[in-house]
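Have a look at the structure below before the remarks.
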Amino acid sequence: MRARPDGLPPYATAETQPFWEGCRVGELRLQHCGDCGAWQFYPRPFCARCDGVRLEWRRASGVGTLRSYATVRRPVDPAWAGEAPYLLALVQLDEGPTLMTALAGCDADDVRIGMRLAVTFDARPGGFVLPRFRPLSGSRD
Amino acid sequence: MPDPHAAFRGRTAIVGAADTEVGIVPGKGATRLCVDAILAALDDAGLARGDLDGLVTLNPFAEPYTYHAEAIAEYLQVQPRYCMSVATGGGTTLAALHQAASAIASGLCETVVVAMADSLRSGVTRERAAAMQASTGHPQFEAPYGAPVAAHYALIARAYMHEYGATEADFAAVAVATRAHAARHPGAQMRTPITVGDVLASRPVADPLKLLDCSLVSDGGAAVVLTSAARARDRPHPPVWLLGVGEGHGHEHLIQARSLTTSAAVESGRRAFAMAGLRPADVGFAQLYDCFTPVVLIELEDLGFCAKGEAGAFVASGATAPGGRLPVNTHGGLLSHAHPGHPATMLAVTEAVRQVRGAAGARQVANATFGLVHAQGGVMSSHATLLLGREVP
């Protein structure tokens, strides 16, 4: 799977383009509701909490908490074959939304549900950038 | 005030049920397996092809058609009034049964065959099987991380362990009890008894899940014949009444799940029990969707058979094993009987029918007046619960 000419993943849509452009320049972006202040992801044309329509993309803190993790031993995407085994994870961002990701910079012995994580951006073999998460430096378990 | 559930409870019954051979069945493609199931189910009901005026099928991975149910009707040389295919399995199977029953209750048709079969073991190329696996997860925000289905469920498993102190041995006990049921079923794909130690020593697939925590990959299918109360009583077997059905749809993708450890089975079960006028204590056996062992623990809790966090102890007590107070997956489930993909729940339904009829032989549950079938799809995303019975409460 190769990046588009603009460097975004091939599955990016007009609606999600701001997220993927953020990844390309090293920024984690989420939608923010101008009416109720909720952050949401993935993007919709309405706020899922208050039905407001004044939504804008903002840079998020990039920090979250590990909600769960699992070991991938046999990836179904050849682009990940060289990294197996790796840790699949669900990370709840401080702003509220949860992302699925692959952890970086730690192995299964270091991982604890509830640990603090920070986003890092990974240039994939196909030429586009995916967000991953690493242990937040300076945090304790 | 009319009872809103009177439109469904006891209005239809299953009068025919049949399984194909399951497991490794080369030489019979998905089309022929589906037709075989239909002909056998009609025969079981004492009916002929011309007696069906409704047909519901599943479009399989192996040998799909654009309009599958119509292609099967054509194969059978019948022209039904009601004809529909579904594309997915899990809870969709029970929802399809509900819709078929509703078609009868609304007068659209009289006798519906619901039939599903696939050939995932023998009829799908490696490339297509890999493509199926890679299709799990949100295409933009999950699939790019390359994880197989098992890893998605492993995320649920790890969260459940963290929240309730459950162990990998608790999951393994589900596989052991299920295999004990399969050992009593001559048609089950895997029948050799296993121990918790065997499960824990099996090959890691997606930690914490190991090979014996995961369902099989099989060929096979099943069909049932559904008809109105008026027609149900003159058949070779006693009617198995459809008493209640409920659906619960919490999310599609794990990133949007409200909870990793409590599912929409809470809603589907509550709705089904309300429609049937029953409670969990009334149920004599339960066929629960067991694509992976932890799913059974969560379903036992969310359907109300035990409290949250208590399912490990419930299984460890022997309650779900043969002879226990709530036998679960009396045919051996997806873990040990067969998992032909989307059709899998049909095998749970036909087994439930046999139990309610009192026709399960060596596997017969003593109290089988009322039985429950539960199925889920996605990643504990979409749920449906069905209650069947020998009598209408």
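As shown in the structure tokens, the chain order sets the letters A, B, ...; within each chain, residues go from 1, and ligands are also counted from 1 in the order they appear.
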message = Near chain A, meaning an atom within 10 Å, which residues of chain B appear when counting only C-alpha atoms? Write them as a PyMOL selection string.
response = chain B and resi 130-160+162-163+204-209+253-257+260
inquiry  = Among chain A, which residues does DSSP mark as strand (DSSP E) when it is run on the backbone? Keep the chain and numbering as in the structure and answer as JSON, numbers by chain.
reply    = {"A": [29, 30, 31, 32, 33, 39, 40, 55, 56, 57, 58, 59, 63, 64, 65, 66, 67, 68, 69, 70, 71, 72, 86, 87, 88, 89, 90, 91, 92, 93, 98, 99, 100, 101, 102, 116, 117, 118, 119, 120, 121, 122, 123, 129, 130, 131, 132, 133, 134, 135]}
inquiry  = Need the shell around range 241-245 of chain B: protein/DNA/RNA residues with any atom at most 8 Å away, counting only C-alpha atoms. Skip same-chain ones fewer than 5 positions apart. Format as a list of chain:residue names?
reply    = B:Phe8, B:Arg9, B:Gly10, B:Arg11, B:Thr12, B:Ala13, B:Ile14, B:Leu94, B:Ala95, B:His98, B:Ser268, B:Arg271, B:Ala272, B:Phe273, B:Ala274, B:Met275, B:Ala276, B:Ala384, B:Thr385, B:Leu386, B:Leu387, B:Leu388, B:Gly389, B:Arg390, B:Glu391, B:Val392
message = List the spatial neighbours of range 120-127 of chain A as a list in words - criterion: any atom at most 6 Å away, only C-alpha atoms, same-chain residues fewer than 6 positions off excluded.
response =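 Selected residues are Met1, Arg2, Ala3 and Phe133 of chain A.
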Same residues, all heavy atoms, saved as a short mmCIF file (atom, residue, chain, number, x, y, z; two decimals), in the first residue's frame:
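Listed below is the output, again_37.cif:
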```
data_model
loop_
_atom_site.label_atom_id
_atom_site.label_comp_id
_atom_site.auth_asym_id
_atom_site.auth_seq_id
_atom_site.Cartn_x
_atom_site.Cartn_y
_atom_site.Cartn_z
N MET A 1 0.87 -1.19 0.00
CA MET A 1 0.00 0.00 0.00
C MET A 1 0.90 1.23 0.00
O MET A 1 1.72 1.40 0.91
CB MET A 1 -0.88 -0.03 1.25
CG MET A 1 -1.93 1.03 1.27
SD MET A 1 -3.05 0.89 2.68
CE MET A 1 -4.09 -0.46 2.19
N ARG A 2 0.75 2.08 -0.99
CA ARG A 2 1.65 3.22 -1.13
C ARG A 2 0.92 4.53 -0.90
O ARG A 2 -0.29 4.64 -1.17
CB ARG A 2 2.26 3.23 -2.55
CG ARG A 2 3.07 1.98 -2.87
CD ARG A 2 4.26 2.31 -3.76
NE ARG A 2 5.10 3.37 -3.20
CZ ARG A 2 6.03 3.17 -2.27
NH1 ARG A 2 6.24 1.99 -1.77
NH2 ARG A 2 6.74 4.19 -1.84
N ALA A 3 1.67 5.54 -0.45
CA ALA A 3 1.11 6.86 -0.21
C ALA A 3 0.62 7.47 -1.52
O ALA A 3 1.09 7.14 -2.61
CB ALA A 3 2.16 7.78 0.41
N PHE A 133 2.47 5.14 19.66
CA PHE A 133 2.61 5.68 21.00
C PHE A 133 3.76 5.01 21.73
O PHE A 133 3.98 3.80 21.60
CB PHE A 133 1.30 5.51 21.79
CG PHE A 133 0.25 6.50 21.38
CD1 PHE A 133 -0.49 6.30 20.22
CD2 PHE A 133 0.03 7.64 22.13
CE1 PHE A 133 -1.44 7.23 19.81
CE2 PHE A 133 -0.92 8.58 21.73
CZ PHE A 133 -1.66 8.37 20.57
#
```
Give me the range 192-292 of chain B side of the contact with range 330-338 of chain B, cut-off 9 Å, one line per residue showing its nearest atom pair and distance in Å at one decimal, counting only C-alpha atoms, sorted by chain and residue number, as JSON lines.
```
{"residue": "B:Leu212", "atom": "CA", "partner": "B:Leu335", "partner_atom": "CA", "distance": 7.6}
{"residue": "B:Asp213", "atom": "CA", "partner": "B:Leu335", "partner_atom": "CA", "distance": 7.5}
{"residue": "B:Cys214", "atom": "CA", "partner": "B:Leu335", "partner_atom": "CA", "distance": 6.3}
{"residue": "B:Ser215", "atom": "CA", "partner": "B:Leu335", "partner_atom": "CA", "distance": 4.1}
{"residue": "B:Leu216", "atom": "CA", "partner": "B:Leu335", "partner_atom": "CA", "distance": 5.7}
{"residue": "B:Val217", "atom": "CA", "partner": "B:Ala338", "partner_atom": "CA", "distance": 7.0}
{"residue": "B:Ser218", "atom": "CA", "partner": "B:Ala338", "partner_atom": "CA", "distance": 5.6}
{"residue": "B:Asp219", "atom": "CA", "partner": "B:Ala338", "partner_atom": "CA", "distance": 7.7}
{"residue": "B:Gly220", "atom": "CA", "partner": "B:Ala338", "partner_atom": "CA", "distance": 7.8}
{"residue": "B:Phe285", "atom": "CA", "partner": "B:Thr330", "partner_atom": "CA", "distance": 7.9}
{"residue": "B:Ala286", "atom": "CA", "partner": "B:Thr330", "partner_atom": "CA", "distance": 8.1}
{"residue": "B:Gln287", "atom": "CA", "partner": "B:Thr330", "partner_atom": "CA", "distance": 7.1}
{"residue": "B:Leu288", "atom": "CA", "partner": "B:Gly333", "partner_atom": "CA", "distance": 7.7}
{"residue": "B:Tyr289", "atom": "CA", "partner": "B:Leu334", "partner_atom": "CA", "distance": 7.2}
{"residue": "B:Asp290", "atom": "CA", "partner": "B:Leu334", "partner_atom": "CA", "distance": 5.6}
{"residue": "B:Cys291", "atom": "CA", "partner": "B:Leu334", "partner_atom": "CA", "distance": 5.9}
{"residue": "B:Phe292", "atom": "CA", "partner": "B:Leu335", "partner_atom": "CA", "distance": 7.4}
```
Selection to disk with N, CA, C and O atoms, as a PDB file, in the first residue's frame:
```
ATOM      1  N   LEU B 212      -5.838 -22.905  21.266  1.00  0.00           N
ATOM      2  CA  LEU B 212      -7.045 -23.559  21.764  1.00  0.00           C
ATOM      3  C   LEU B 212      -8.031 -22.575  22.400  1.00  0.00           C
ATOM      4  O   LEU B 212      -9.118 -22.976  22.819  1.00  0.00           O
ATOM      5  N   ASP B 213      -7.681 -21.299  22.444  1.00  0.00           N
ATOM      6  CA  ASP B 213      -8.636 -20.258  22.822  1.00  0.00           C
ATOM      7  C   ASP B 213      -9.424 -19.781  21.604  1.00  0.00           C
ATOM      8  O   ASP B 213     -10.349 -18.968  21.750  1.00  0.00           O
ATOM      9  N   CYS B 214      -9.024 -20.222  20.424  1.00  0.00           N
ATOM     10  CA  CYS B 214      -9.566 -19.700  19.163  1.00  0.00           C
ATOM     11  C   CYS B 214     -10.444 -20.728  18.463  1.00  0.00           C
ATOM     12  O   CYS B 214     -10.208 -21.932  18.554  1.00  0.00           O
ATOM     13  N   SER B 215     -11.426 -20.228  17.719  1.00  0.00           N
ATOM     14  CA  SER B 215     -12.346 -21.129  17.018  1.00  0.00           C
ATOM     15  C   SER B 215     -11.668 -21.805  15.828  1.00  0.00           C
ATOM     16  O   SER B 215     -10.593 -21.415  15.391  1.00  0.00           O
ATOM     17  N   LEU B 216     -12.348 -22.821  15.324  1.00  0.00           N
ATOM     18  CA  LEU B 216     -11.878 -23.594  14.184  1.00  0.00           C
ATOM     19  C   LEU B 216     -12.113 -22.829  12.874  1.00  0.00           C
ATOM     20  O   LEU B 216     -12.747 -21.771  12.866  1.00  0.00           O
ATOM     21  N   VAL B 217     -11.610 -23.376  11.781  1.00  0.00           N
ATOM     22  CA  VAL B 217     -11.942 -22.906  10.436  1.00  0.00           C
ATOM     23  C   VAL B 217     -12.507 -24.119   9.716  1.00  0.00           C
ATOM     24  O   VAL B 217     -11.814 -25.137   9.580  1.00  0.00           O
ATOM     25  N   SER B 218     -13.753 -24.036   9.276  1.00  0.00           N
ATOM     26  CA  SER B 218     -14.450 -25.244   8.830  1.00  0.00           C
ATOM     27  C   SER B 218     -15.272 -25.021   7.573  1.00  0.00           C
ATOM     28  O   SER B 218     -15.557 -23.885   7.187  1.00  0.00           O
ATOM     29  N   ASP B 219     -15.670 -26.145   6.988  1.00  0.00           N
ATOM     30  CA  ASP B 219     -16.702 -26.171   5.954  1.00  0.00           C
ATOM     31  C   ASP B 219     -17.993 -26.596   6.627  1.00  0.00           C
ATOM     32  O   ASP B 219     -17.991 -27.341   7.610  1.00  0.00           O
ATOM     33  N   GLY B 220     -19.111 -26.178   6.065  1.00  0.00           N
ATOM     34  CA  GLY B 220     -20.383 -26.716   6.547  1.00  0.00           C
ATOM     35  C   GLY B 220     -21.471 -25.680   6.649  1.00  0.00           C
ATOM     36  O   GLY B 220     -21.261 -24.495   6.363  1.00  0.00           O
ATOM     37  N   PHE B 285     -30.363 -24.404  28.887  1.00  0.00           N
ATOM     38  CA  PHE B 285     -29.073 -24.510  28.209  1.00  0.00           C
ATOM     39  C   PHE B 285     -28.889 -23.239  27.387  1.00  0.00           C
ATOM     40  O   PHE B 285     -29.862 -22.534  27.099  1.00  0.00           O
ATOM     41  N   ALA B 286     -27.652 -22.937  27.016  1.00  0.00           N
ATOM     42  CA  ALA B 286     -27.376 -21.731  26.240  1.00  0.00           C
ATOM     43  C   ALA B 286     -26.298 -22.016  25.201  1.00  0.00           C
ATOM     44  O   ALA B 286     -25.240 -22.560  25.540  1.00  0.00           O
ATOM     45  N   GLN B 287     -26.600 -21.693  23.961  1.00  0.00           N
ATOM     46  CA  GLN B 287     -25.569 -21.772  22.913  1.00  0.00           C
ATOM     47  C   GLN B 287     -25.053 -20.341  22.745  1.00  0.00           C
ATOM     48  O   GLN B 287     -25.801 -19.466  22.320  1.00  0.00           O
ATOM     49  N   LEU B 288     -23.808 -20.131  23.144  1.00  0.00           N
ATOM     50  CA  LEU B 288     -23.220 -18.790  23.159  1.00  0.00           C
ATOM     51  C   LEU B 288     -22.104 -18.700  22.124  1.00  0.00           C
ATOM     52  O   LEU B 288     -21.337 -19.642  21.942  1.00  0.00           O
ATOM     53  N   TYR B 289     -22.006 -17.550  21.494  1.00  0.00           N
ATOM     54  CA  TYR B 289     -21.011 -17.385  20.422  1.00  0.00           C
ATOM     55  C   TYR B 289     -19.620 -17.458  21.016  1.00  0.00           C
ATOM     56  O   TYR B 289     -19.276 -16.656  21.886  1.00  0.00           O
ATOM     57  N   ASP B 290     -18.828 -18.417  20.537  1.00  0.00           N
ATOM     58  CA  ASP B 290     -17.523 -18.676  21.147  1.00  0.00           C
ATOM     59  C   ASP B 290     -16.401 -18.629  20.120  1.00  0.00           C
ATOM     60  O   ASP B 290     -15.623 -19.569  19.992  1.00  0.00           O
ATOM     61  N   CYS B 291     -16.306 -17.504  19.396  1.00  0.00           N
ATOM     62  CA  CYS B 291     -15.192 -17.345  18.456  1.00  0.00           C
ATOM     63  C   CYS B 291     -13.853 -17.387  19.200  1.00  0.00           C
ATOM     64  O   CYS B 291     -12.857 -17.865  18.674  1.00  0.00           O
ATOM     65  N   PHE B 292     -13.852 -16.861  20.434  1.00  0.00           N
ATOM     66  CA  PHE B 292     -12.681 -16.894  21.314  1.00  0.00           C
ATOM     67  C   PHE B 292     -13.189 -17.104  22.729  1.00  0.00           C
ATOM     68  O   PHE B 292     -14.264 -16.608  23.085  1.00  0.00           O
TER      69      PHE B 292
END
```
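What separates CA of Val25 in chain A from CA of Asp6 in chain A is a distance of 12.2 Å.
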request  = Name the residues in contact with Asn59 in chain B at a cut-off of 7 Å, using only C-alpha atoms, excluding same-chain residues fewer than 6 positions from it; report them as a list of chain:residue names.
outcome  = B:Tyr65, B:His68, B:Ser85, B:Val86, B:Ala87
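Residues in contact with range 43-47 of chain A at up to 8 Å, not including ones fewer than 6 positions away on its chain and judged by only C-alpha atoms, are Glu15, Thr16, Leu30, Gln31, Cys33, Val53, Arg54 and Leu55 of chain A.
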ask   = From the set B:Gly377, B:Gly246, B:Pro186, B:Pro280, which residue has the shortest atom-to-atom contact distance to Arg325 in chain B, counting only C-alpha atoms?
value = B:Pro280
task = From range 121-358 of chain B, collect each residue whose DSSP state is alpha helix (DSSP H) and return the set as a PyMOL selection string.
result = chain B and resi 126-134+149-164+168-182+196-201+229-232+265-276+293-302+311-316+344-357
inquiry  = Need to verify the contact set: Gly250 in chain B, 9 Å, only C-alpha atoms, exclusion of same-chain residues closer than 2 positions in sequence. Can you return it as a PyMOL selection string?
reply    = chain B and resi 248+252+256-258+263-265+380-383
task = Could you tell me how far CA of His249 in chain B lies from CA of Gly304 in chain B, in Å and to one decimal?
result =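 Taking CA of His249 in chain B and CA of Gly304 in chain B, their separation equals 17.5 Å.
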task = Give the answer as one residue: which of B:Ala17, B:Ala37, B:Leu278, B:Leu211 has the shortest atom-to-atom distance to Asp118 in chain B, using only C-alpha atoms?
result =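 So, comparing all the options, the nearest one is B:Ala37.
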task = Report the distance between CA of Val35 in chain B and CA of His342 in chain B in Å, rounded to one decimal place.
result = 16.4 Å
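Among the candidates B:Ala316, B:Ala40, B:Ala183, B:Ala223, the residue lying nearest to Pro343 in chain B is B:Ala223 (atoms considered: only C-alpha atoms).
For the set B:Arg184, B:Ser317, B:Val114, B:Gln376, the residue with the smallest atom-to-atom gap to Gln364 in chain B is B:Arg184, counting only C-alpha atoms.
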request  = Could you tell me which of B:Ser102, B:Thr66, B:Thr262, B:Ser122 comes closest to Lys28 in chain B if we count only C-alpha atoms?
outcome  = B:Ser122
